[in-house]
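Dumped query-v2.txt below, it's compact mmCIF, N, CA and C atoms:
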# COMPACT_ATOMS: atom_id res chain seq x y z
N LYS A 1 25.02 -12.26 -62.82
CA LYS A 1 26.32 -12.67 -63.26
C LYS A 1 27.33 -12.72 -62.12
N TRP A 2 27.22 -11.77 -61.23
CA TRP A 2 28.22 -11.73 -60.16
C TRP A 2 28.13 -12.95 -59.28
N LEU A 3 26.90 -13.55 -59.14
CA LEU A 3 26.79 -14.77 -58.35
C LEU A 3 27.53 -15.93 -59.01
N GLN A 4 27.54 -15.93 -60.34
CA GLN A 4 28.26 -16.99 -61.05
C GLN A 4 29.76 -16.83 -60.88
N GLN A 5 30.22 -15.58 -60.79
CA GLN A 5 31.65 -15.35 -60.62
C GLN A 5 32.12 -15.78 -59.23
N CYS A 6 31.25 -15.60 -58.24
CA CYS A 6 31.58 -16.03 -56.88
C CYS A 6 31.24 -17.52 -56.77
N GLY A 7 31.85 -18.17 -55.87
CA GLY A 7 31.51 -19.56 -55.64
C GLY A 7 30.17 -19.67 -54.92
N ARG A 8 29.57 -20.87 -54.91
CA ARG A 8 28.29 -21.08 -54.26
C ARG A 8 28.39 -20.73 -52.77
N LYS A 9 29.46 -21.12 -52.12
CA LYS A 9 29.64 -20.86 -50.69
C LYS A 9 29.69 -19.35 -50.42
N ASP A 10 30.37 -18.60 -51.27
CA ASP A 10 30.44 -17.15 -51.10
C ASP A 10 29.08 -16.50 -51.28
N SER A 11 28.29 -16.96 -52.22
CA SER A 11 26.98 -16.35 -52.47
C SER A 11 26.02 -16.63 -51.32
N VAL A 12 26.08 -17.83 -50.75
CA VAL A 12 25.25 -18.15 -49.59
C VAL A 12 25.64 -17.27 -48.41
N THR A 13 26.92 -17.08 -48.21
CA THR A 13 27.40 -16.22 -47.13
C THR A 13 26.92 -14.79 -47.33
N MET A 14 26.97 -14.32 -48.56
CA MET A 14 26.53 -12.94 -48.84
C MET A 14 25.03 -12.79 -48.60
N VAL A 15 24.24 -13.76 -49.01
CA VAL A 15 22.79 -13.70 -48.80
C VAL A 15 22.47 -13.74 -47.31
N LEU A 16 23.11 -14.65 -46.58
CA LEU A 16 22.89 -14.71 -45.14
C LEU A 16 23.33 -13.43 -44.44
N GLY A 17 24.42 -12.86 -44.89
CA GLY A 17 24.88 -11.59 -44.33
C GLY A 17 23.90 -10.47 -44.59
N ALA A 18 23.34 -10.44 -45.80
CA ALA A 18 22.34 -9.42 -46.13
C ALA A 18 21.09 -9.59 -45.29
N LEU A 19 20.65 -10.84 -45.10
CA LEU A 19 19.47 -11.09 -44.26
C LEU A 19 19.73 -10.69 -42.81
N ALA A 20 20.90 -11.04 -42.30
CA ALA A 20 21.25 -10.68 -40.91
C ALA A 20 21.34 -9.17 -40.76
N GLY A 21 21.93 -8.49 -41.75
CA GLY A 21 22.03 -7.03 -41.70
C GLY A 21 20.66 -6.37 -41.75
N GLY A 22 19.78 -6.89 -42.60
CA GLY A 22 18.42 -6.35 -42.68
C GLY A 22 17.66 -6.57 -41.40
N HIS A 23 17.81 -7.75 -40.80
CA HIS A 23 17.17 -8.05 -39.52
C HIS A 23 17.66 -7.11 -38.44
N LEU A 24 18.97 -6.89 -38.39
CA LEU A 24 19.54 -5.98 -37.41
C LEU A 24 19.00 -4.57 -37.59
N LEU A 25 18.87 -4.14 -38.82
CA LEU A 25 18.35 -2.81 -39.11
C LEU A 25 16.91 -2.67 -38.64
N VAL A 26 16.08 -3.66 -38.93
CA VAL A 26 14.67 -3.61 -38.53
C VAL A 26 14.52 -3.71 -37.02
N VAL A 27 15.16 -4.71 -36.41
CA VAL A 27 15.03 -4.91 -34.97
C VAL A 27 15.70 -3.77 -34.20
N GLY A 28 16.90 -3.40 -34.62
CA GLY A 28 17.61 -2.30 -33.95
C GLY A 28 16.88 -0.98 -34.08
N GLY A 29 16.36 -0.71 -35.27
CA GLY A 29 15.60 0.53 -35.47
C GLY A 29 14.32 0.55 -34.66
N GLY A 30 13.64 -0.60 -34.60
CA GLY A 30 12.43 -0.69 -33.78
C GLY A 30 12.72 -0.52 -32.31
N ALA A 31 13.81 -1.11 -31.85
CA ALA A 31 14.19 -0.97 -30.44
C ALA A 31 14.54 0.48 -30.11
N ALA A 32 15.25 1.14 -31.01
CA ALA A 32 15.59 2.55 -30.79
C ALA A 32 14.33 3.41 -30.76
N PHE A 33 13.37 3.10 -31.63
CA PHE A 33 12.13 3.87 -31.66
C PHE A 33 11.37 3.71 -30.35
N LEU A 34 11.34 2.48 -29.81
CA LEU A 34 10.63 2.24 -28.55
C LEU A 34 11.39 2.81 -27.36
N ALA A 35 12.71 2.75 -27.40
CA ALA A 35 13.50 3.23 -26.26
C ALA A 35 13.56 4.75 -26.20
N PHE A 36 13.52 5.41 -27.35
CA PHE A 36 13.65 6.86 -27.39
C PHE A 36 12.52 7.49 -28.19
N PRO A 37 11.25 7.35 -27.73
CA PRO A 37 10.14 7.85 -28.53
C PRO A 37 10.12 9.37 -28.66
N THR A 38 10.71 10.06 -27.69
CA THR A 38 10.66 11.52 -27.75
C THR A 38 11.57 12.10 -28.82
N LEU A 39 12.45 11.29 -29.39
CA LEU A 39 13.27 11.78 -30.49
C LEU A 39 12.42 11.98 -31.74
N TRP A 40 11.33 11.22 -31.86
CA TRP A 40 10.52 11.28 -33.07
C TRP A 40 9.26 12.10 -32.91
N ARG A 41 8.83 12.35 -31.70
CA ARG A 41 7.63 13.16 -31.51
C ARG A 41 7.82 14.04 -30.29
N ARG A 42 7.35 15.24 -30.40
CA ARG A 42 7.43 16.17 -29.29
C ARG A 42 6.26 15.94 -28.36
N LEU A 43 6.54 15.78 -27.09
CA LEU A 43 5.47 15.63 -26.11
C LEU A 43 4.92 17.00 -25.75
N ARG A 44 3.62 17.09 -25.74
CA ARG A 44 3.00 18.31 -25.23
C ARG A 44 3.04 18.23 -23.72
N PRO A 45 3.62 19.23 -23.09
CA PRO A 45 3.67 19.15 -21.62
C PRO A 45 2.26 19.23 -21.05
N SER A 46 1.99 18.36 -20.11
CA SER A 46 0.71 18.38 -19.44
C SER A 46 0.85 19.28 -18.22
N THR A 47 -0.05 20.19 -18.09
CA THR A 47 0.03 21.14 -17.00
C THR A 47 -1.27 21.10 -16.22
N GLY A 48 -1.34 21.90 -15.21
CA GLY A 48 -2.55 22.00 -14.42
C GLY A 48 -2.45 21.21 -13.14
N THR A 49 -3.48 21.39 -12.34
CA THR A 49 -3.56 20.71 -11.05
C THR A 49 -4.97 20.13 -10.91
N PRO A 50 -5.19 19.31 -9.90
CA PRO A 50 -6.55 18.81 -9.67
C PRO A 50 -7.55 19.95 -9.44
N GLU A 51 -7.06 21.07 -8.92
CA GLU A 51 -7.95 22.22 -8.70
C GLU A 51 -8.58 22.69 -10.01
N ASP A 52 -7.85 22.56 -11.12
CA ASP A 52 -8.39 22.92 -12.42
C ASP A 52 -9.57 22.03 -12.81
N ASP A 53 -9.65 20.86 -12.20
CA ASP A 53 -10.74 19.92 -12.45
C ASP A 53 -11.82 20.00 -11.37
N GLY A 54 -11.70 20.99 -10.50
CA GLY A 54 -12.69 21.16 -9.43
C GLY A 54 -12.47 20.24 -8.24
N LEU A 55 -11.26 19.74 -8.08
CA LEU A 55 -10.97 18.81 -6.99
C LEU A 55 -10.07 19.48 -5.94
N ALA A 56 -10.39 19.26 -4.68
CA ALA A 56 -9.53 19.76 -3.60
C ALA A 56 -8.36 18.80 -3.45
N TYR A 57 -7.19 19.37 -3.21
CA TYR A 57 -6.00 18.54 -3.05
C TYR A 57 -5.02 19.20 -2.11
N GLU A 58 -4.10 18.39 -1.62
CA GLU A 58 -3.04 18.88 -0.73
C GLU A 58 -1.70 18.62 -1.41
N ARG A 59 -0.87 19.65 -1.48
CA ARG A 59 0.49 19.47 -2.00
C ARG A 59 1.35 18.91 -0.87
N VAL A 60 2.01 17.81 -1.14
CA VAL A 60 2.86 17.18 -0.13
C VAL A 60 4.21 16.85 -0.76
N ARG A 61 5.18 16.60 0.09
CA ARG A 61 6.50 16.13 -0.34
C ARG A 61 6.73 14.76 0.27
N LEU A 62 7.20 13.85 -0.55
CA LEU A 62 7.54 12.53 -0.05
C LEU A 62 8.84 12.61 0.75
N ALA A 63 9.17 11.56 1.45
CA ALA A 63 10.38 11.55 2.28
C ALA A 63 11.64 11.78 1.47
N ASP A 64 11.63 11.40 0.19
CA ASP A 64 12.82 11.62 -0.65
C ASP A 64 12.79 12.97 -1.36
N GLY A 65 11.79 13.79 -1.04
CA GLY A 65 11.72 15.15 -1.58
C GLY A 65 10.88 15.30 -2.84
N CYS A 66 10.32 14.23 -3.35
CA CYS A 66 9.53 14.31 -4.58
C CYS A 66 8.18 14.97 -4.32
N ALA A 67 7.74 15.79 -5.27
CA ALA A 67 6.46 16.49 -5.17
C ALA A 67 5.31 15.52 -5.40
N ALA A 68 4.22 15.74 -4.63
CA ALA A 68 3.06 14.86 -4.76
C ALA A 68 1.78 15.63 -4.47
N TRP A 69 0.65 15.07 -4.93
CA TRP A 69 -0.68 15.58 -4.61
C TRP A 69 -1.42 14.48 -3.86
N LEU A 70 -2.08 14.86 -2.79
CA LEU A 70 -2.93 13.95 -2.04
C LEU A 70 -4.35 14.48 -2.10
N MET A 71 -5.26 13.64 -2.61
CA MET A 71 -6.65 14.06 -2.78
C MET A 71 -7.57 13.07 -2.09
N ARG A 72 -8.50 13.60 -1.31
CA ARG A 72 -9.47 12.76 -0.61
C ARG A 72 -10.85 13.00 -1.21
N PRO A 73 -11.70 11.97 -1.21
CA PRO A 73 -13.04 12.16 -1.75
C PRO A 73 -13.80 13.24 -0.99
N ALA A 74 -14.65 13.97 -1.69
CA ALA A 74 -15.39 15.08 -1.08
C ALA A 74 -16.38 14.59 -0.03
N CYS A 75 -17.10 13.51 -0.32
CA CYS A 75 -18.10 13.04 0.62
C CYS A 75 -17.58 11.83 1.40
N GLY A 76 -17.56 11.96 2.70
CA GLY A 76 -17.12 10.85 3.54
C GLY A 76 -15.62 10.65 3.52
N SER A 77 -15.19 9.75 4.35
CA SER A 77 -13.76 9.44 4.39
C SER A 77 -13.56 8.03 3.86
N SER A 78 -12.85 7.94 2.79
CA SER A 78 -12.58 6.63 2.19
C SER A 78 -11.40 5.97 2.88
N ARG A 79 -11.55 4.70 3.19
CA ARG A 79 -10.46 3.93 3.78
C ARG A 79 -9.63 3.26 2.69
N LYS A 80 -10.01 3.49 1.45
CA LYS A 80 -9.29 2.91 0.32
C LYS A 80 -8.46 3.98 -0.35
N ALA A 81 -7.21 3.65 -0.67
CA ALA A 81 -6.32 4.62 -1.31
C ALA A 81 -5.67 4.00 -2.55
N VAL A 82 -5.38 4.86 -3.52
CA VAL A 82 -4.70 4.45 -4.74
C VAL A 82 -3.47 5.33 -4.89
N CYS A 83 -2.34 4.71 -5.18
CA CYS A 83 -1.10 5.43 -5.43
C CYS A 83 -0.84 5.36 -6.94
N LEU A 84 -0.80 6.51 -7.59
CA LEU A 84 -0.61 6.56 -9.05
C LEU A 84 0.82 6.95 -9.39
N CYS A 85 1.41 6.20 -10.31
CA CYS A 85 2.76 6.46 -10.79
C CYS A 85 2.69 6.79 -12.27
N HIS A 86 3.29 7.89 -12.68
CA HIS A 86 3.28 8.26 -14.10
C HIS A 86 4.32 7.46 -14.87
N GLY A 87 4.28 7.56 -16.19
CA GLY A 87 5.22 6.85 -17.04
C GLY A 87 6.46 7.67 -17.34
N ARG A 88 7.32 7.09 -18.14
CA ARG A 88 8.59 7.73 -18.53
C ARG A 88 8.32 9.04 -19.26
N SER A 89 9.08 10.05 -18.92
CA SER A 89 9.00 11.38 -19.53
C SER A 89 7.63 12.02 -19.32
N ARG A 90 6.98 11.71 -18.24
CA ARG A 90 5.67 12.28 -17.93
C ARG A 90 5.71 12.94 -16.55
N SER A 91 4.55 13.33 -16.07
CA SER A 91 4.44 13.90 -14.74
C SER A 91 3.08 13.53 -14.16
N LYS A 92 2.87 13.87 -12.90
CA LYS A 92 1.59 13.56 -12.28
C LYS A 92 0.44 14.30 -12.96
N ALA A 93 0.73 15.41 -13.63
CA ALA A 93 -0.32 16.15 -14.33
C ALA A 93 -0.95 15.32 -15.45
N TRP A 94 -0.18 14.38 -16.02
CA TRP A 94 -0.73 13.49 -17.06
C TRP A 94 -1.81 12.58 -16.49
N LEU A 95 -1.83 12.42 -15.18
CA LEU A 95 -2.75 11.49 -14.53
C LEU A 95 -4.08 12.15 -14.15
N ARG A 96 -4.26 13.42 -14.46
CA ARG A 96 -5.47 14.13 -14.05
C ARG A 96 -6.76 13.45 -14.49
N PRO A 97 -6.88 12.94 -15.73
CA PRO A 97 -8.14 12.26 -16.09
C PRO A 97 -8.41 11.02 -15.22
N LEU A 98 -7.37 10.27 -14.90
CA LEU A 98 -7.53 9.10 -14.05
C LEU A 98 -7.87 9.51 -12.62
N ILE A 99 -7.25 10.57 -12.16
CA ILE A 99 -7.55 11.08 -10.81
C ILE A 99 -9.03 11.45 -10.72
N ARG A 100 -9.55 12.15 -11.74
CA ARG A 100 -10.97 12.55 -11.74
C ARG A 100 -11.87 11.33 -11.63
N SER A 101 -11.52 10.26 -12.32
CA SER A 101 -12.40 9.08 -12.29
C SER A 101 -12.30 8.30 -10.98
N LEU A 102 -11.17 8.37 -10.30
CA LEU A 102 -10.99 7.64 -9.05
C LEU A 102 -11.50 8.40 -7.82
N MET A 103 -11.53 9.71 -7.89
CA MET A 103 -11.82 10.54 -6.72
C MET A 103 -13.15 10.27 -6.03
N PRO A 104 -14.20 9.92 -6.71
CA PRO A 104 -15.44 9.71 -5.95
C PRO A 104 -15.34 8.57 -4.92
N ASP A 105 -14.48 7.59 -5.18
CA ASP A 105 -14.44 6.41 -4.32
C ASP A 105 -13.15 6.19 -3.56
N PHE A 106 -12.08 6.86 -3.95
CA PHE A 106 -10.76 6.56 -3.38
C PHE A 106 -10.02 7.84 -2.99
N THR A 107 -9.15 7.70 -1.99
CA THR A 107 -8.13 8.70 -1.73
C THR A 107 -7.03 8.43 -2.75
N VAL A 108 -6.54 9.48 -3.39
CA VAL A 108 -5.56 9.30 -4.46
C VAL A 108 -4.28 10.05 -4.12
N LEU A 109 -3.16 9.36 -4.26
CA LEU A 109 -1.84 9.99 -4.14
C LEU A 109 -1.16 9.87 -5.50
N ALA A 110 -0.83 11.01 -6.09
CA ALA A 110 -0.09 11.03 -7.35
C ALA A 110 1.19 11.82 -7.12
N PHE A 111 2.30 11.32 -7.61
CA PHE A 111 3.58 11.97 -7.36
C PHE A 111 4.40 12.02 -8.64
N ASP A 112 5.39 12.91 -8.62
CA ASP A 112 6.37 12.99 -9.71
C ASP A 112 7.62 12.23 -9.29
N PHE A 113 8.11 11.37 -10.18
CA PHE A 113 9.39 10.74 -9.92
C PHE A 113 10.49 11.80 -9.99
N LYS A 114 11.66 11.49 -9.47
CA LYS A 114 12.80 12.41 -9.55
C LYS A 114 13.06 12.74 -11.01
N SER A 115 13.44 13.98 -11.26
CA SER A 115 13.75 14.49 -12.61
C SER A 115 12.52 14.60 -13.50
N HIS A 116 11.33 14.57 -12.95
CA HIS A 116 10.10 14.70 -13.71
C HIS A 116 9.21 15.74 -13.03
N GLY A 117 8.31 16.32 -13.82
CA GLY A 117 7.30 17.22 -13.27
C GLY A 117 7.89 18.38 -12.49
N GLU A 118 7.43 18.53 -11.25
CA GLU A 118 7.86 19.65 -10.40
C GLU A 118 9.24 19.45 -9.77
N ASN A 119 9.82 18.29 -9.92
CA ASN A 119 11.12 18.02 -9.31
C ASN A 119 12.25 18.54 -10.19
N PRO A 120 13.37 18.92 -9.59
CA PRO A 120 14.49 19.43 -10.39
C PRO A 120 15.06 18.36 -11.32
N TYR A 121 15.69 18.84 -12.39
CA TYR A 121 16.28 17.94 -13.39
C TYR A 121 17.43 17.16 -12.77
N GLY A 122 17.56 15.93 -13.17
CA GLY A 122 18.64 15.07 -12.69
C GLY A 122 18.63 13.77 -13.46
N CYS A 123 19.32 12.80 -12.97
CA CYS A 123 19.42 11.50 -13.65
C CYS A 123 18.27 10.59 -13.23
N THR A 124 17.85 9.75 -14.16
CA THR A 124 16.92 8.68 -13.82
C THR A 124 17.70 7.38 -13.84
N THR A 125 17.22 6.40 -13.09
CA THR A 125 17.96 5.15 -12.97
C THR A 125 17.19 3.97 -13.54
N VAL A 126 16.15 4.23 -14.28
CA VAL A 126 15.35 3.19 -14.92
C VAL A 126 14.89 2.14 -13.90
N GLY A 127 14.49 2.60 -12.74
CA GLY A 127 13.88 1.72 -11.75
C GLY A 127 14.57 1.60 -10.42
N GLN A 128 15.88 1.80 -10.39
CA GLN A 128 16.61 1.56 -9.14
C GLN A 128 16.18 2.52 -8.03
N THR A 129 16.28 3.84 -8.26
CA THR A 129 15.85 4.78 -7.22
C THR A 129 14.37 5.09 -7.34
N GLU A 130 13.78 4.83 -8.50
CA GLU A 130 12.35 5.08 -8.67
C GLU A 130 11.54 4.16 -7.75
N ALA A 131 12.01 2.95 -7.54
CA ALA A 131 11.34 2.03 -6.62
C ALA A 131 11.36 2.59 -5.20
N ASP A 132 12.44 3.26 -4.83
CA ASP A 132 12.51 3.90 -3.51
C ASP A 132 11.47 5.01 -3.38
N THR A 133 11.23 5.73 -4.47
CA THR A 133 10.21 6.79 -4.46
C THR A 133 8.83 6.19 -4.26
N VAL A 134 8.55 5.08 -4.90
CA VAL A 134 7.26 4.40 -4.70
C VAL A 134 7.13 3.97 -3.24
N ASP A 135 8.21 3.47 -2.63
CA ASP A 135 8.18 3.11 -1.21
C ASP A 135 7.86 4.32 -0.35
N CYS A 136 8.46 5.47 -0.68
CA CYS A 136 8.18 6.71 0.08
C CYS A 136 6.72 7.11 -0.06
N ALA A 137 6.14 6.94 -1.24
CA ALA A 137 4.74 7.26 -1.45
C ALA A 137 3.85 6.34 -0.63
N LEU A 138 4.16 5.06 -0.62
CA LEU A 138 3.36 4.13 0.17
C LEU A 138 3.53 4.39 1.67
N ASP A 139 4.72 4.79 2.09
CA ASP A 139 4.94 5.16 3.50
C ASP A 139 4.08 6.36 3.88
N LEU A 140 3.97 7.34 2.98
CA LEU A 140 3.14 8.51 3.27
C LEU A 140 1.68 8.09 3.45
N LEU A 141 1.19 7.22 2.59
CA LEU A 141 -0.18 6.74 2.75
C LEU A 141 -0.35 5.99 4.06
N ALA A 142 0.65 5.20 4.45
CA ALA A 142 0.57 4.48 5.73
C ALA A 142 0.54 5.45 6.90
N GLU A 143 1.35 6.52 6.83
CA GLU A 143 1.36 7.53 7.89
C GLU A 143 0.01 8.22 8.01
N ARG A 144 -0.70 8.32 6.89
CA ARG A 144 -2.01 8.98 6.88
C ARG A 144 -3.14 8.01 7.20
N GLY A 145 -2.82 6.77 7.54
CA GLY A 145 -3.83 5.83 7.98
C GLY A 145 -4.36 4.89 6.91
N PHE A 146 -3.65 4.74 5.85
CA PHE A 146 -4.12 3.82 4.79
C PHE A 146 -3.25 2.59 4.72
Produce structure tokens that represent the structure in this file.
Amino acid sequence: KWLQQCGRKDSVTMVLGALAGGHLLVVGGGAAFLAFPTLWRRLRPSTGTPEDDGLAYERVRLADGCAAWLMRPACGSSRKAVCLCHGRSRSKAWLRPLIRSLMPDFTVLAFDFKSHGENPYGCTTVGQTEADTVDCALDLLAERGF
């Protein structure tokens, strides 16, 4: 009945407004869920070191002060190196399974970005200074002959 009381133009506007509002709710809610996943689930902190997996490693600091692990294969000297970067809200400890699989054939450098893992809490820049940390990691590998 209320649609009959309103004019046709008003009812079309109301329907389009409801559709736009519903779309905004679905898309906005989905974007918030993807942007802030830790609000909905608690991350279990990953701990441990490569030593816990039976791997020898060297604790190093990158030029920007970020903590890192450098691991070389046990047999022979590999001229191939892999630099591993963890994801958002993670640390290099999350990379331990991947490190184990790469170690037989590659030298592996895994590091914590600023404000993650062993590094002190601070701001993240969603890529701006994190790219500088990756450069520091690659510079360390170059200094070591890779």
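Relative to atom C of Gln128 (chain A), CA of Ser101 (chain A) is found at 29.6 Å.
As for CA of Asn119 (chain A) and CA of Trp69 (chain A), they are spaced 12.9 Å apart.
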Could you tell me how far atom C of Ala74 (chain A) lies from atom C of Phe146 (chain A), in Å and to one decimal?
18.4 Å
I'd like to know which of A:Leu138, A:Ala93, A:Cys66, A:Val126 is closest to Gly48 (chain A), using all atoms listed in the file.
A:Ala93
If you count all atoms listed in the file, which residues fall within 7 Å of Glu118 (chain A), apart from same-chain ones fewer than 5 positions away, as an NGL selection string?
:A and (67 or 91-92 or 112)
Neighbour list for Ala68 (chain A) as a list in words, cut-off 10 Å, only C-alpha atoms, skip fewer than 3 positions in-chain
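So the residues in contact are Tyr57, Glu58, Arg59, Val60, Arg61, Leu62, Gly65, Met71, Lys92, Leu109, Ala110, Phe111, Asp112, Phe113, Gly117, Glu118, Asn119 and Ala137 of chain A.
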Expected file contents, prior selection, N, CA and C atoms, as a PDB file, in the coordinates of the input:
ATOM      1  N   TYR A  57      -7.190  19.370  -3.210  1.00  0.00           N
ATOM      2  CA  TYR A  57      -6.000  18.540  -3.050  1.00  0.00           C
ATOM      3  C   TYR A  57      -5.020  19.200  -2.110  1.00  0.00           C
ATOM      4  N   GLU A  58      -4.100  18.390  -1.620  1.00  0.00           N
ATOM      5  CA  GLU A  58      -3.040  18.880  -0.730  1.00  0.00           C
ATOM      6  C   GLU A  58      -1.700  18.620  -1.410  1.00  0.00           C
ATOM      7  N   ARG A  59      -0.870  19.650  -1.480  1.00  0.00           N
ATOM      8  CA  ARG A  59       0.490  19.470  -2.000  1.00  0.00           C
ATOM      9  C   ARG A  59       1.350  18.910  -0.870  1.00  0.00           C
ATOM     10  N   VAL A  60       2.010  17.810  -1.140  1.00  0.00           N
ATOM     11  CA  VAL A  60       2.860  17.180  -0.130  1.00  0.00           C
ATOM     12  C   VAL A  60       4.210  16.850  -0.760  1.00  0.00           C
ATOM     13  N   ARG A  61       5.180  16.600   0.090  1.00  0.00           N
ATOM     14  CA  ARG A  61       6.500  16.130  -0.340  1.00  0.00           C
ATOM     15  C   ARG A  61       6.730  14.760   0.270  1.00  0.00           C
ATOM     16  N   LEU A  62       7.200  13.850  -0.550  1.00  0.00           N
ATOM     17  CA  LEU A  62       7.540  12.530  -0.050  1.00  0.00           C
ATOM     18  C   LEU A  62       8.840  12.610   0.750  1.00  0.00           C
ATOM     19  N   GLY A  65      11.790  13.790  -1.040  1.00  0.00           N
ATOM     20  CA  GLY A  65      11.720  15.150  -1.580  1.00  0.00           C
ATOM     21  C   GLY A  65      10.880  15.300  -2.840  1.00  0.00           C
ATOM     22  N   MET A  71      -5.260  13.640  -2.610  1.00  0.00           N
ATOM     23  CA  MET A  71      -6.650  14.060  -2.780  1.00  0.00           C
ATOM     24  C   MET A  71      -7.570  13.070  -2.090  1.00  0.00           C
ATOM     25  N   LYS A  92       2.870  13.870 -12.900  1.00  0.00           N
ATOM     26  CA  LYS A  92       1.590  13.560 -12.280  1.00  0.00           C
ATOM     27  C   LYS A  92       0.440  14.300 -12.960  1.00  0.00           C
ATOM     28  N   LEU A 109      -3.160   9.360  -4.260  1.00  0.00           N
ATOM     29  CA  LEU A 109      -1.840   9.990  -4.140  1.00  0.00           C
ATOM     30  C   LEU A 109      -1.160   9.870  -5.500  1.00  0.00           C
ATOM     31  N   ALA A 110      -0.830  11.010  -6.090  1.00  0.00           N
ATOM     32  CA  ALA A 110      -0.090  11.030  -7.350  1.00  0.00           C
ATOM     33  C   ALA A 110       1.190  11.820  -7.120  1.00  0.00           C
ATOM     34  N   PHE A 111       2.300  11.320  -7.610  1.00  0.00           N
ATOM     35  CA  PHE A 111       3.580  11.970  -7.360  1.00  0.00           C
ATOM     36  C   PHE A 111       4.400  12.020  -8.640  1.00  0.00           C
ATOM     37  N   ASP A 112       5.390  12.910  -8.620  1.00  0.00           N
ATOM     38  CA  ASP A 112       6.370  12.990  -9.710  1.00  0.00           C
ATOM     39  C   ASP A 112       7.620  12.230  -9.290  1.00  0.00           C
ATOM     40  N   PHE A 113       8.110  11.370 -10.180  1.00  0.00           N
ATOM     41  CA  PHE A 113       9.390  10.740  -9.920  1.00  0.00           C
ATOM     42  C   PHE A 113      10.490  11.800  -9.990  1.00  0.00           C
ATOM     43  N   GLY A 117       8.310  16.320 -13.820  1.00  0.00           N
ATOM     44  CA  GLY A 117       7.300  17.220 -13.270  1.00  0.00           C
ATOM     45  C   GLY A 117       7.890  18.380 -12.490  1.00  0.00           C
ATOM     46  N   GLU A 118       7.430  18.530 -11.250  1.00  0.00           N
ATOM     47  CA  GLU A 118       7.860  19.650 -10.400  1.00  0.00           C
ATOM     48  C   GLU A 118       9.240  19.450  -9.770  1.00  0.00           C
ATOM     49  N   ASN A 119       9.820  18.290  -9.920  1.00  0.00           N
ATOM     50  CA  ASN A 119      11.120  18.020  -9.310  1.00  0.00           C
ATOM     51  C   ASN A 119      12.250  18.540 -10.190  1.00  0.00           C
ATOM     52  N   ALA A 137       6.140   6.940  -1.240  1.00  0.00           N
ATOM     53  CA  ALA A 137       4.740   7.260  -1.450  1.00  0.00           C
ATOM     54  C   ALA A 137       3.850   6.340  -0.630  1.00  0.00           C
TER      55      ALA A 137
END
Counting only N, CA and C atoms, which of A:Leu16, A:Trp94, A:Leu70, A:Gly127 gets nearest to Ala56 (chain A)?
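Going through A:Leu16, A:Trp94, A:Leu70, A:Gly127 one by one, the smallest distance to Ala56 (chain A) is for A:Leu70.
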